[in-house]
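Structure data (mmCIF, N, CA and C atoms) from work-v4.cif:
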```
data_target
#
loop_
_atom_site.label_atom_id
_atom_site.label_comp_id
_atom_site.auth_asym_id
_atom_site.auth_seq_id
_atom_site.Cartn_x
_atom_site.Cartn_y
_atom_site.Cartn_z
N MET A 164 2.45 -9.70 24.57
CA MET A 164 1.93 -8.35 24.68
C MET A 164 2.87 -7.41 23.92
N ARG A 165 2.29 -6.57 23.11
CA ARG A 165 3.08 -5.57 22.39
C ARG A 165 3.34 -4.38 23.31
N LEU A 166 4.58 -3.99 23.40
CA LEU A 166 4.93 -2.88 24.28
C LEU A 166 5.04 -1.56 23.54
N LEU A 167 5.21 -1.62 22.22
CA LEU A 167 5.38 -0.40 21.45
C LEU A 167 4.58 -0.52 20.16
N ARG A 168 3.86 0.52 19.80
CA ARG A 168 3.10 0.51 18.55
C ARG A 168 2.99 1.93 18.03
N PHE A 169 2.69 2.02 16.75
CA PHE A 169 2.41 3.32 16.16
C PHE A 169 1.00 3.73 16.54
N GLY A 170 0.84 4.99 16.77
CA GLY A 170 -0.49 5.54 17.00
C GLY A 170 -0.97 6.21 15.73
N PRO A 171 -1.96 7.04 15.85
CA PRO A 171 -2.53 7.69 14.66
C PRO A 171 -1.65 8.81 14.13
N SER A 172 -1.86 9.13 12.86
CA SER A 172 -1.29 10.36 12.30
C SER A 172 -2.24 11.49 12.65
N ILE A 173 -1.72 12.70 12.66
CA ILE A 173 -2.54 13.87 12.99
C ILE A 173 -2.44 14.88 11.87
N LEU A 174 -3.60 15.31 11.37
CA LEU A 174 -3.67 16.33 10.32
C LEU A 174 -4.43 17.53 10.85
N PHE A 175 -3.91 18.72 10.56
CA PHE A 175 -4.61 19.97 10.85
C PHE A 175 -5.02 20.58 9.52
N LEU A 176 -6.31 20.72 9.29
CA LEU A 176 -6.81 21.37 8.08
C LEU A 176 -7.10 22.82 8.41
N ARG A 177 -6.49 23.74 7.67
CA ARG A 177 -6.72 25.17 7.88
C ARG A 177 -7.70 25.65 6.81
N THR A 178 -8.79 26.25 7.25
CA THR A 178 -9.84 26.66 6.31
C THR A 178 -10.49 27.96 6.77
N SER A 179 -11.05 28.67 5.82
CA SER A 179 -11.81 29.88 6.16
C SER A 179 -13.28 29.57 6.37
N ASP A 180 -13.70 28.34 6.06
CA ASP A 180 -15.10 27.93 6.23
C ASP A 180 -15.15 26.63 7.04
N ILE A 181 -14.97 26.76 8.35
CA ILE A 181 -14.88 25.59 9.23
C ILE A 181 -16.15 24.74 9.15
N LYS A 182 -17.31 25.36 9.22
CA LYS A 182 -18.58 24.63 9.23
C LYS A 182 -18.74 23.77 7.96
N LYS A 183 -18.52 24.36 6.81
CA LYS A 183 -18.66 23.64 5.54
C LYS A 183 -17.66 22.50 5.45
N THR A 184 -16.43 22.74 5.88
CA THR A 184 -15.40 21.71 5.84
C THR A 184 -15.77 20.55 6.76
N GLU A 185 -16.26 20.85 7.96
CA GLU A 185 -16.69 19.78 8.88
C GLU A 185 -17.82 18.96 8.28
N GLU A 186 -18.78 19.61 7.66
CA GLU A 186 -19.90 18.90 7.04
C GLU A 186 -19.42 17.97 5.93
N GLN A 187 -18.49 18.45 5.11
CA GLN A 187 -17.99 17.62 4.01
C GLN A 187 -17.16 16.45 4.53
N ILE A 188 -16.36 16.67 5.55
CA ILE A 188 -15.58 15.57 6.14
C ILE A 188 -16.53 14.51 6.69
N SER A 189 -17.57 14.93 7.39
CA SER A 189 -18.55 13.98 7.94
C SER A 189 -19.21 13.17 6.83
N ARG A 190 -19.59 13.84 5.76
CA ARG A 190 -20.30 13.17 4.67
C ARG A 190 -19.38 12.21 3.90
N ILE A 191 -18.20 12.67 3.54
CA ILE A 191 -17.29 11.87 2.72
C ILE A 191 -16.77 10.64 3.46
N PHE A 192 -16.38 10.81 4.71
CA PHE A 192 -15.77 9.71 5.46
C PHE A 192 -16.75 8.96 6.35
N GLY A 193 -17.99 9.45 6.45
CA GLY A 193 -18.99 8.77 7.28
C GLY A 193 -18.65 8.79 8.76
N VAL A 194 -18.08 9.90 9.22
CA VAL A 194 -17.71 10.03 10.63
C VAL A 194 -18.36 11.27 11.22
N SER A 195 -18.40 11.32 12.53
CA SER A 195 -18.90 12.52 13.19
C SER A 195 -17.83 13.04 14.15
N LYS A 196 -18.01 14.29 14.56
CA LYS A 196 -17.04 14.89 15.49
C LYS A 196 -17.06 14.14 16.81
N THR A 197 -15.90 14.07 17.41
CA THR A 197 -15.75 13.46 18.71
C THR A 197 -14.74 14.31 19.49
N SER A 198 -14.57 14.01 20.74
CA SER A 198 -13.57 14.76 21.51
C SER A 198 -12.17 14.30 21.12
N ALA A 199 -11.21 15.17 21.30
CA ALA A 199 -9.82 14.82 20.99
C ALA A 199 -9.36 13.65 21.85
N ASN A 200 -9.75 13.64 23.11
CA ASN A 200 -9.36 12.54 24.00
C ASN A 200 -9.96 11.22 23.55
N GLU A 201 -11.22 11.25 23.14
CA GLU A 201 -11.89 10.03 22.66
C GLU A 201 -11.22 9.54 21.38
N ALA A 202 -10.89 10.45 20.49
CA ALA A 202 -10.23 10.07 19.24
C ALA A 202 -8.88 9.40 19.53
N LEU A 203 -8.11 9.95 20.45
CA LEU A 203 -6.83 9.33 20.82
C LEU A 203 -7.03 7.96 21.46
N ARG A 204 -8.02 7.85 22.32
CA ARG A 204 -8.29 6.60 23.01
C ARG A 204 -8.74 5.51 22.04
N GLU A 205 -9.58 5.86 21.08
CA GLU A 205 -10.17 4.88 20.16
C GLU A 205 -9.30 4.58 18.94
N SER A 206 -8.30 5.39 18.69
CA SER A 206 -7.51 5.24 17.46
C SER A 206 -6.60 4.03 17.52
N GLY A 207 -6.33 3.51 16.33
CA GLY A 207 -5.42 2.39 16.20
C GLY A 207 -4.25 2.77 15.32
N GLU A 208 -3.44 1.79 15.02
CA GLU A 208 -2.30 2.05 14.15
C GLU A 208 -2.77 2.47 12.77
N PHE A 209 -2.06 3.40 12.19
CA PHE A 209 -2.27 3.84 10.82
C PHE A 209 -3.66 4.41 10.57
N GLU A 210 -4.24 5.04 11.56
CA GLU A 210 -5.48 5.79 11.40
C GLU A 210 -5.14 7.27 11.52
N THR A 211 -6.13 8.12 11.27
CA THR A 211 -5.87 9.56 11.21
C THR A 211 -6.82 10.32 12.12
N ILE A 212 -6.26 11.22 12.91
CA ILE A 212 -7.06 12.17 13.68
C ILE A 212 -6.96 13.50 12.96
N LEU A 213 -8.12 14.08 12.69
CA LEU A 213 -8.21 15.29 11.88
C LEU A 213 -8.77 16.43 12.71
N PHE A 214 -8.04 17.54 12.75
CA PHE A 214 -8.50 18.75 13.42
C PHE A 214 -8.74 19.81 12.35
N ILE A 215 -9.85 20.51 12.45
CA ILE A 215 -10.18 21.56 11.49
C ILE A 215 -10.11 22.89 12.22
N THR A 216 -9.26 23.78 11.72
CA THR A 216 -9.04 25.06 12.39
C THR A 216 -9.15 26.21 11.39
N GLY A 217 -9.21 27.41 11.93
CA GLY A 217 -9.25 28.60 11.10
C GLY A 217 -7.92 28.84 10.40
N ILE A 218 -7.97 29.53 9.30
CA ILE A 218 -6.79 29.78 8.47
C ILE A 218 -5.76 30.65 9.19
N GLU A 219 -6.22 31.49 10.12
CA GLU A 219 -5.31 32.42 10.79
C GLU A 219 -4.39 31.74 11.80
N GLU A 220 -4.69 30.52 12.20
CA GLU A 220 -3.88 29.83 13.21
C GLU A 220 -2.61 29.28 12.58
N LYS A 221 -1.48 29.57 13.21
CA LYS A 221 -0.19 29.08 12.72
C LYS A 221 0.23 27.82 13.47
N LYS A 222 0.06 27.85 14.78
CA LYS A 222 0.34 26.69 15.61
C LYS A 222 -0.92 26.41 16.39
N THR A 223 -1.20 25.14 16.60
CA THR A 223 -2.48 24.79 17.18
C THR A 223 -2.31 23.86 18.37
N ILE A 224 -2.97 24.19 19.44
CA ILE A 224 -3.17 23.24 20.53
C ILE A 224 -4.47 22.54 20.16
N PRO A 225 -4.45 21.21 20.07
CA PRO A 225 -5.66 20.51 19.59
C PRO A 225 -6.92 20.94 20.33
N HIS A 226 -7.93 21.21 19.54
CA HIS A 226 -9.23 21.62 20.06
C HIS A 226 -9.95 20.43 20.69
N GLU A 227 -11.08 20.71 21.27
CA GLU A 227 -11.91 19.66 21.84
C GLU A 227 -12.46 18.73 20.77
N ASP A 228 -12.78 19.29 19.60
CA ASP A 228 -13.41 18.50 18.55
C ASP A 228 -12.38 17.97 17.56
N ALA A 229 -12.57 16.71 17.18
CA ALA A 229 -11.70 16.07 16.21
C ALA A 229 -12.52 15.05 15.43
N PHE A 230 -11.96 14.59 14.34
CA PHE A 230 -12.55 13.49 13.58
C PHE A 230 -11.56 12.35 13.60
N LEU A 231 -12.03 11.15 13.90
CA LEU A 231 -11.19 9.95 13.81
C LEU A 231 -11.58 9.22 12.54
N ILE A 232 -10.63 9.10 11.63
CA ILE A 232 -10.89 8.46 10.34
C ILE A 232 -10.05 7.19 10.28
N LYS A 233 -10.70 6.09 10.00
CA LYS A 233 -10.06 4.77 10.02
C LYS A 233 -9.29 4.48 8.74
N LYS A 234 -8.54 5.47 8.29
CA LYS A 234 -7.70 5.33 7.10
C LYS A 234 -6.37 6.01 7.37
N ARG A 235 -5.36 5.61 6.62
CA ARG A 235 -4.04 6.24 6.74
C ARG A 235 -4.08 7.66 6.20
N ALA A 236 -3.20 8.50 6.72
CA ALA A 236 -3.19 9.92 6.37
C ALA A 236 -3.06 10.18 4.86
N PRO A 237 -2.21 9.45 4.11
CA PRO A 237 -2.15 9.73 2.67
C PRO A 237 -3.47 9.49 1.96
N LEU A 238 -4.22 8.49 2.39
CA LEU A 238 -5.53 8.22 1.78
C LEU A 238 -6.54 9.30 2.13
N VAL A 239 -6.46 9.80 3.36
CA VAL A 239 -7.35 10.89 3.78
C VAL A 239 -7.04 12.15 2.97
N LEU A 240 -5.76 12.48 2.83
CA LEU A 240 -5.38 13.66 2.05
C LEU A 240 -5.79 13.53 0.59
N LYS A 241 -5.67 12.34 0.03
CA LYS A 241 -6.07 12.11 -1.36
C LYS A 241 -7.55 12.41 -1.54
N GLU A 242 -8.38 11.91 -0.63
CA GLU A 242 -9.83 12.16 -0.71
C GLU A 242 -10.15 13.64 -0.56
N ILE A 243 -9.48 14.29 0.36
CA ILE A 243 -9.72 15.72 0.59
C ILE A 243 -9.40 16.53 -0.67
N LEU A 244 -8.26 16.24 -1.28
CA LEU A 244 -7.86 16.97 -2.49
C LEU A 244 -8.76 16.64 -3.68
N ASN A 245 -9.08 15.38 -3.87
CA ASN A 245 -9.87 14.97 -5.03
C ASN A 245 -11.33 15.42 -4.93
N ARG A 246 -11.83 15.61 -3.73
CA ARG A 246 -13.23 16.02 -3.55
C ARG A 246 -13.41 17.53 -3.49
N GLY A 247 -12.32 18.26 -3.50
CA GLY A 247 -12.41 19.72 -3.52
C GLY A 247 -12.90 20.34 -2.22
N ILE A 248 -12.56 19.73 -1.10
CA ILE A 248 -12.93 20.30 0.19
C ILE A 248 -12.21 21.64 0.35
N PRO A 249 -12.92 22.68 0.82
CA PRO A 249 -12.34 24.03 0.85
C PRO A 249 -11.31 24.24 1.96
N ILE A 250 -10.06 23.85 1.69
CA ILE A 250 -8.99 24.07 2.66
C ILE A 250 -7.91 24.93 2.01
N GLU A 251 -7.27 25.74 2.82
CA GLU A 251 -6.20 26.60 2.32
C GLU A 251 -4.82 26.02 2.62
N ARG A 252 -4.72 25.26 3.71
CA ARG A 252 -3.42 24.74 4.12
C ARG A 252 -3.62 23.48 4.95
N VAL A 253 -2.63 22.59 4.90
CA VAL A 253 -2.63 21.37 5.71
C VAL A 253 -1.31 21.32 6.48
N ASP A 254 -1.40 21.06 7.76
CA ASP A 254 -0.21 20.80 8.57
C ASP A 254 -0.26 19.35 9.01
N VAL A 255 0.84 18.64 8.79
CA VAL A 255 0.91 17.21 9.08
C VAL A 255 1.84 17.00 10.27
N GLU A 256 1.36 16.29 11.25
CA GLU A 256 2.18 15.89 12.39
C GLU A 256 2.55 14.43 12.22
N CYS A 257 3.67 14.04 12.76
CA CYS A 257 4.10 12.65 12.63
C CYS A 257 3.21 11.74 13.46
N ALA A 258 3.28 10.46 13.14
CA ALA A 258 2.52 9.48 13.90
C ALA A 258 3.06 9.41 15.33
N ILE A 259 2.18 9.10 16.24
CA ILE A 259 2.54 9.01 17.65
C ILE A 259 3.04 7.60 17.94
N LEU A 260 4.05 7.48 18.77
CA LEU A 260 4.47 6.17 19.26
C LEU A 260 3.87 5.98 20.64
N LEU A 261 3.22 4.85 20.83
CA LEU A 261 2.61 4.55 22.12
C LEU A 261 3.36 3.39 22.76
N MET A 262 3.60 3.49 24.05
CA MET A 262 4.32 2.46 24.76
C MET A 262 3.52 2.04 25.99
N ARG A 263 3.44 0.73 26.18
CA ARG A 263 2.80 0.20 27.39
C ARG A 263 3.89 -0.27 28.34
N ILE A 264 3.69 0.04 29.58
CA ILE A 264 4.64 -0.40 30.60
C ILE A 264 3.92 -1.39 31.49
N PRO A 265 4.34 -2.66 31.46
CA PRO A 265 3.67 -3.67 32.30
C PRO A 265 3.87 -3.37 33.78
N LYS A 266 2.88 -3.73 34.56
CA LYS A 266 2.97 -3.52 36.02
C LYS A 266 3.83 -4.57 36.66
#
```

For the structure just supplied, provide its representation as structure tokens.
Amino acid sequence: MRLLRFGPSILFLRTSDIKKTEEQISRIFGVSKTSANEALRESGEFETILFITGIEEKKTIPHEDAFLIKKRAPLVLKEILNRGIPIERVDVECAILLMRIPK
């Protein structure tokens, strides 16, 4: 049994057009919005949880809605930049370490 593993990376996309950005993320990556809790529960190592927020937010408490993308964060960022998704800023959080404690 593995007791320690990497969790997902977390990206916050800051945009002035949240709706359009969400639509493009859904189309490009073939994913739909899910709850933040579900994204954390379903995520595996080297996957990315993506939160889309307004440009005015400096620090963010994760919203209810998130996207779980089954790719590493650098690949997700590459697609976002190359496809011209309308974002003004990206904040990157480090990967989460998850630990299981046997009973």

Which residues are close to A:Arg235, i.e. within 7 Å by only C-alpha atoms, leaving aside same-chain residues fewer than 3 positions away? Reply as an mmCIF file with N, CA and C atoms, in the coordinates of the input.
```cif
data_model
loop_
_atom_site.group_PDB
_atom_site.id
_atom_site.type_symbol
_atom_site.label_atom_id
_atom_site.label_comp_id
_atom_site.auth_asym_id
_atom_site.auth_seq_id
_atom_site.Cartn_x
_atom_site.Cartn_y
_atom_site.Cartn_z
ATOM 1 N N PHE A 209 -2.060 3.400 12.190
ATOM 2 C CA PHE A 209 -2.270 3.840 10.820
ATOM 3 C C PHE A 209 -3.660 4.410 10.570
ATOM 4 N N GLU A 210 -4.240 5.040 11.560
ATOM 5 C CA GLU A 210 -5.480 5.790 11.400
ATOM 6 C C GLU A 210 -5.140 7.270 11.520
ATOM 7 N N THR A 211 -6.130 8.120 11.270
ATOM 8 C CA THR A 211 -5.870 9.560 11.210
ATOM 9 C C THR A 211 -6.820 10.320 12.120
ATOM 10 N N LEU A 238 -4.220 8.490 2.390
ATOM 11 C CA LEU A 238 -5.530 8.220 1.780
ATOM 12 C C LEU A 238 -6.540 9.300 2.130
ATOM 13 N N VAL A 239 -6.460 9.800 3.360
ATOM 14 C CA VAL A 239 -7.350 10.890 3.780
ATOM 15 C C VAL A 239 -7.040 12.150 2.970
#
```

Among the residues A:Ile232, A:Lys221, A:Leu244, A:Glu256, the one that comes closest to A:Ser189 [using only C-alpha atoms]: A:Ile232

Pick from A:Leu231, A:Gly217, A:Pro237, A:Ile243 nearest to A:Asp180, counting only C-alpha atoms: A:Gly217

For stretch 242-252 of chain A, take all atoms listed in the file, fit an axis-aligned box around them, add 4 Å to each of the six sides, then output centre and edge lengths in Å rounded to one decimal, as JSON.
```
{"center_x": -8.4, "center_y": 19.3, "center_z": 0.0, "size_x": 18.0, "size_y": 22.7, "size_z": 18.0}
```

Long-range neighbours of A:Ile212 as a PyMOL selection string, 5 Å cut-off, only N, CA and C atoms, 4 positions minimum in chain: chain A and resi 172-174+230-231

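Atom CA of A:Gly193 is positioned 17.5 Å from atom CA of A:Leu176.
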
Output of the PyMOL selection byres ((chain A and resi 199) around 6.5), listed as JSON, numbers by chain: {"A": [197, 198, 200, 201, 202, 203, 204, 226, 227, 228, 229]}

Pull N, CA and C atoms from the residues just selected and write them as a PDB file, in the frame of the given file.
```
ATOM      1  N   THR A 197     -15.900  14.070  17.410  1.00  0.00           N
ATOM      2  CA  THR A 197     -15.750  13.460  18.710  1.00  0.00           C
ATOM      3  C   THR A 197     -14.740  14.310  19.490  1.00  0.00           C
ATOM      4  N   SER A 198     -14.570  14.010  20.740  1.00  0.00           N
ATOM      5  CA  SER A 198     -13.570  14.760  21.510  1.00  0.00           C
ATOM      6  C   SER A 198     -12.170  14.300  21.120  1.00  0.00           C
ATOM      7  N   ASN A 200      -9.750  13.640  23.110  1.00  0.00           N
ATOM      8  CA  ASN A 200      -9.360  12.540  24.000  1.00  0.00           C
ATOM      9  C   ASN A 200      -9.960  11.220  23.550  1.00  0.00           C
ATOM     10  N   GLU A 201     -11.220  11.250  23.140  1.00  0.00           N
ATOM     11  CA  GLU A 201     -11.890  10.030  22.660  1.00  0.00           C
ATOM     12  C   GLU A 201     -11.220   9.540  21.380  1.00  0.00           C
ATOM     13  N   ALA A 202     -10.890  10.450  20.490  1.00  0.00           N
ATOM     14  CA  ALA A 202     -10.230  10.070  19.240  1.00  0.00           C
ATOM     15  C   ALA A 202      -8.880   9.400  19.530  1.00  0.00           C
ATOM     16  N   LEU A 203      -8.110   9.950  20.450  1.00  0.00           N
ATOM     17  CA  LEU A 203      -6.830   9.330  20.820  1.00  0.00           C
ATOM     18  C   LEU A 203      -7.030   7.960  21.460  1.00  0.00           C
ATOM     19  N   ARG A 204      -8.020   7.850  22.320  1.00  0.00           N
ATOM     20  CA  ARG A 204      -8.290   6.600  23.010  1.00  0.00           C
ATOM     21  C   ARG A 204      -8.740   5.510  22.040  1.00  0.00           C
ATOM     22  N   HIS A 226      -7.930  21.210  19.540  1.00  0.00           N
ATOM     23  CA  HIS A 226      -9.230  21.620  20.060  1.00  0.00           C
ATOM     24  C   HIS A 226      -9.950  20.430  20.690  1.00  0.00           C
ATOM     25  N   GLU A 227     -11.080  20.710  21.270  1.00  0.00           N
ATOM     26  CA  GLU A 227     -11.910  19.660  21.840  1.00  0.00           C
ATOM     27  C   GLU A 227     -12.460  18.730  20.770  1.00  0.00           C
ATOM     28  N   ASP A 228     -12.780  19.290  19.600  1.00  0.00           N
ATOM     29  CA  ASP A 228     -13.410  18.500  18.550  1.00  0.00           C
ATOM     30  C   ASP A 228     -12.380  17.970  17.560  1.00  0.00           C
ATOM     31  N   ALA A 229     -12.570  16.710  17.180  1.00  0.00           N
ATOM     32  CA  ALA A 229     -11.700  16.070  16.210  1.00  0.00           C
ATOM     33  C   ALA A 229     -12.520  15.050  15.430  1.00  0.00           C
TER      34      ALA A 229
END
```

Helix (DSSP H, G or I) positions in chain A, given as number ranges by chain: A: 181-192, 199-205, 236-246

For A:Phe169, the nearest of the candidates A:Ser206, A:Glu251, A:Ala236, A:Ile188, counting all atoms listed in the file: A:Ser206

Residue list (strand (DSSP E), DSSP) for chain A, as a ChimeraX atom specification: /A:167-169,172-178,197-198,211-217,228-232,252-256,260-262

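Here atom CA of A:Lys182 and atom N of A:Glu205 stand 24.0 Å from one another.
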
Atom N of A:Ile218 to atom N of A:Gly170, distance in Å rounded to a single decimal: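 Calculated distance between atom N of A:Ile218 and atom N of A:Gly170 is 27.1 Å.
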
Nearest to A:Cys257 by atom-to-atom distance, counting only C-alpha atoms, from A:Phe192, A:Glu220, A:Phe175, A:Ile215: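 Smallest separation from A:Cys257 among the options: A:Phe175.
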